[in-house]
Amino acid sequence: MRNRMKKRTLVTAALLMVLCLCACGSKAENENQPADSTTPETAASSEAVEPTEPTEPTETTESTETTFSTEDTESTEPASQAEEGTTAAQGTLVVYFSATGTTKGVAERIASVTGADLYEIVPAEPYSDADLNWHDDNCRANREQNDKSFRPEIASEEVSLEGYSTVFIGFPIWWGEEPRIMDAFVEKYDFSGITLIPFCTSGSSGIGQSGENLEACAGSGTWLAGERFSGSVSEEDLTSWIDGLQLSVASNTASDASTVFFTSDITAQGLVKLYEQLNWSPSGEVAVKVSTGEPPASNYLRPELIRDLVQQLDGTIVECNTAYGGSRSSAAMHKQVAEDHGFTQIADFDLLDEEGESEWPVEGGSRIDRVIVGNHAENYPDWLILSHFKGHGMAGFGGAIKNVGIGISSSSGKVYVHSAGTRTSGSIMHSDQDAWLEAMAEMVKGFRDHVGEEHIVYINVMNRLSIDCDCNGHPAEPDIHDIGILASTDPVALDQACVDLIHQAEGNESFLRRIESQHGMHTLEHAEAIGLGSRTYQMIDIDA
């Protein structure tokens, strides 16, 4: 994936979930069925039909398309490409093959709701009615489906995958599987760094082994579980399906995109090099917000990793006391933890709420009307939000937004956020999950608006990727290998990019369950809605 994350200028947010599928599947359950036992799926009385499994109920569609050729089909033009001289952007593409028009209609609706480009797979020899006569054992389509090695020739011009990180790939179901032309298509391309989502059309048959077959034939890319649709599926239903995938698909335009820089070099030197890509010029004393980590064994960012950058900025490491007890709930105890964990050896350390609190207004929030921070926060005109990205038992995941929304809140401010603005003392436990996630995003907006957007930069380190937060002194061991470091001036884009990398990582099942169980993506949804940042981003790999 990383060697495809080059400089990108056409942009949507990157996505993705990872559900690895298996090798080229068998259609044994269908091979023993005689072709004349099927009830073919019909598109319209004037069309050819797309084959289905036996006893398939009929389906109708408004399309009257019968054959496809480069002369009579506008969608045979290759999808729009990145500008000349640019390299891969995080865009979305819908690829489809349709012999009758049914799949085409669904593909066009997916493109409509995602803002994606369209690319049609056109056979060199279009399928005639006779070719699709499933009652004839010797018809062309039956012969092709019975020969797993057959690869029909494709007439449509090859599509460049530069610029795409998400590809929906659609086809009709023929005898319980994908048509062989789909195998021919995927074998031609390198899908490294791309997430692929198969979808099929049929009257009732499921997608079966088709996605697994295509993944094995492709040999590259991250393949999600596919879905079957009827030809009449609505845009609303397609939108619901896509939302359930938790992908950040959007139109292929850079208008709302934020830049996220990436390096796989998780070292002190790599961190400094990445920071320098931000071209940030602080105007005064810099607060470096990190988590000092809960003893005895949490996964806080180690001082030896962050030392060079903190000292280059002549920064002060800052924190606030916790609101849940533990070893960092009082100033004296928290200072001792900071010393024990080595932070005081590399820089000055300031406990922001040691001497009281300050309140700053929140504009446009629906949950809170102010942020409550340690009053020492007033002493710092510039801020580096240096976060360890990880899972979190209450928020689903923790990155830049949590490091500000909870980490810079004073003890009472933490309760205020967790209770979605209903109280400032007592337990941090909450009864409305979405409400407190929204409050956390609103706190960050209030902080950003008060300090000034140009005075804050954000860096997330993706190492020790446990499902548990640094506030857990006994975290679960990571199932995901270290990924890298990301930086941005947009905390929403930064956290979204990290989530997308989690979706693409091996061993991500427990991490994704943690995010989903806490509805963690709602934080980013609300953050974008209130104008904190954009989930659409361009990623620049500085190692490339």
# chains A, B, ... in the order shown; residues from 1 in each chain; ligands from 1
call {"tool": "residues_around", "arguments": {"residues": "Arg180 (chain A)", "least_positions_apart": "4", "cutoff": "12 Å", "atoms": "only C-alpha atoms", "output": "PyMOL selection string"}}
result
chain A and resi 97+121+123+140-154+171-176+184-187+210+213-214+217
call {"tool": "residues_around", "arguments": {"residues": "Ala529 (chain A)", "least_positions_apart": "6", "cutoff": "10 Å", "atoms": "only C-alpha atoms", "output": "number ranges by chain"}}
result
A: 441, 523, 535
call {"tool": "select_by_dssp", "arguments": {"residues": "region 252-291 of chain A", "states": "helix (DSSP H, G or I)", "output": "list in words"}}
result
Ala268, Gln269, Gly270, Leu271, Val272, Lys273, Leu274, Tyr275 and Glu276 of chain A
call {"tool": "closest_residue", "arguments": {"among": "A:Glu178, A:Asp543, A:Asp340, A:Glu276", "to": "Gly484 (chain A)", "atoms": "only C-alpha atoms"}}
result
A:Asp543
call {"tool": "residues_around", "arguments": {"residues": "Arg513 (chain A)", "least_positions_apart": "5", "cutoff": "12 Å", "atoms": "only C-alpha atoms", "output": "list of chain:residue names"}}
result
A:Met17, A:Val18, A:Gly391, A:His392, A:Gly393, A:Gly396, A:Phe397, A:Ile467, A:Ile502, A:His503, A:Gly507, A:Asn508, A:Gln518, A:His519, A:Gly520, A:Met521
call {"tool": "residues_around", "arguments": {"residues": "Arg367 (chain A)", "least_positions_apart": "6", "cutoff": "7 Å", "atoms": "only C-alpha atoms", "output": "PyMOL selection string"}}
result
chain A and resi 420-421+435+438-439
call {"tool": "write_last_selection", "arguments": {"atoms": "N, CA, C and O atoms", "output": "compact mmCIF listing (two decimals), in the first residue's frame"}}
result
# COMPACT_ATOMS: atom_id res chain seq x y z
N ALA A 420 -21.64 15.25 27.86
CA ALA A 420 -22.24 16.03 26.76
C ALA A 420 -22.82 17.35 27.27
O ALA A 420 -23.90 17.77 26.88
N GLY A 421 -22.06 17.98 28.18
CA GLY A 421 -22.43 19.31 28.65
C GLY A 421 -23.46 19.36 29.73
O GLY A 421 -24.03 20.42 30.00
N ALA A 435 -23.88 11.46 21.85
CA ALA A 435 -23.86 12.81 22.41
C ALA A 435 -22.47 13.17 22.92
O ALA A 435 -21.97 14.28 22.70
N GLU A 438 -20.02 13.70 20.10
CA GLU A 438 -20.24 15.01 19.49
C GLU A 438 -19.66 16.12 20.37
O GLU A 438 -19.06 17.08 19.86
N ALA A 439 -19.82 16.00 21.67
CA ALA A 439 -19.26 17.00 22.58
C ALA A 439 -17.74 17.05 22.47
O ALA A 439 -17.13 18.13 22.54
call {"tool": "atom_distance", "arguments": {"atom1": "CA of Ser409 (chain A)", "atom2": "CA of Ile346 (chain A)"}}
result
23.8 Å
call {"tool": "residues_around", "arguments": {"residues": "Leu313 (chain A)", "least_positions_apart": "5", "cutoff": "9 Å", "atoms": "only C-alpha atoms", "output": "PDB file with N, CA and C atoms, in the first residue's frame"}}
result
ATOM      1  N   PRO A 282       5.855  28.484  14.294  1.00  0.00           N
ATOM      2  CA  PRO A 282       5.231  28.972  15.531  1.00  0.00           C
ATOM      3  C   PRO A 282       5.731  30.372  15.872  1.00  0.00           C
ATOM      4  N   GLU A 285       5.825  30.598  22.374  1.00  0.00           N
ATOM      5  CA  GLU A 285       6.121  29.380  23.118  1.00  0.00           C
ATOM      6  C   GLU A 285       5.200  28.256  22.673  1.00  0.00           C
ATOM      7  N   VAL A 286       5.777  27.082  22.468  1.00  0.00           N
ATOM      8  CA  VAL A 286       5.036  25.950  21.926  1.00  0.00           C
ATOM      9  C   VAL A 286       4.689  24.952  23.031  1.00  0.00           C
ATOM     10  N   ASP A 308      13.821  14.740  19.976  1.00  0.00           N
ATOM     11  CA  ASP A 308      14.459  15.639  19.015  1.00  0.00           C
ATOM     12  C   ASP A 308      13.492  16.697  18.520  1.00  0.00           C
TER      13      ASP A 308
END
call {"tool": "closest_residue", "arguments": {"among": "A:Ala377, A:Ala331, A:Leu494, A:Val159", "to": "Glu354 (chain A)", "atoms": "only C-alpha atoms"}}
result
A:Ala331
call {"tool": "closest_residue", "arguments": {"among": "A:Thr316, A:Ser281, A:Gln345, A:Ser298", "to": "Pro475 (chain A)", "atoms": "only C-alpha atoms"}}
result
A:Ser298
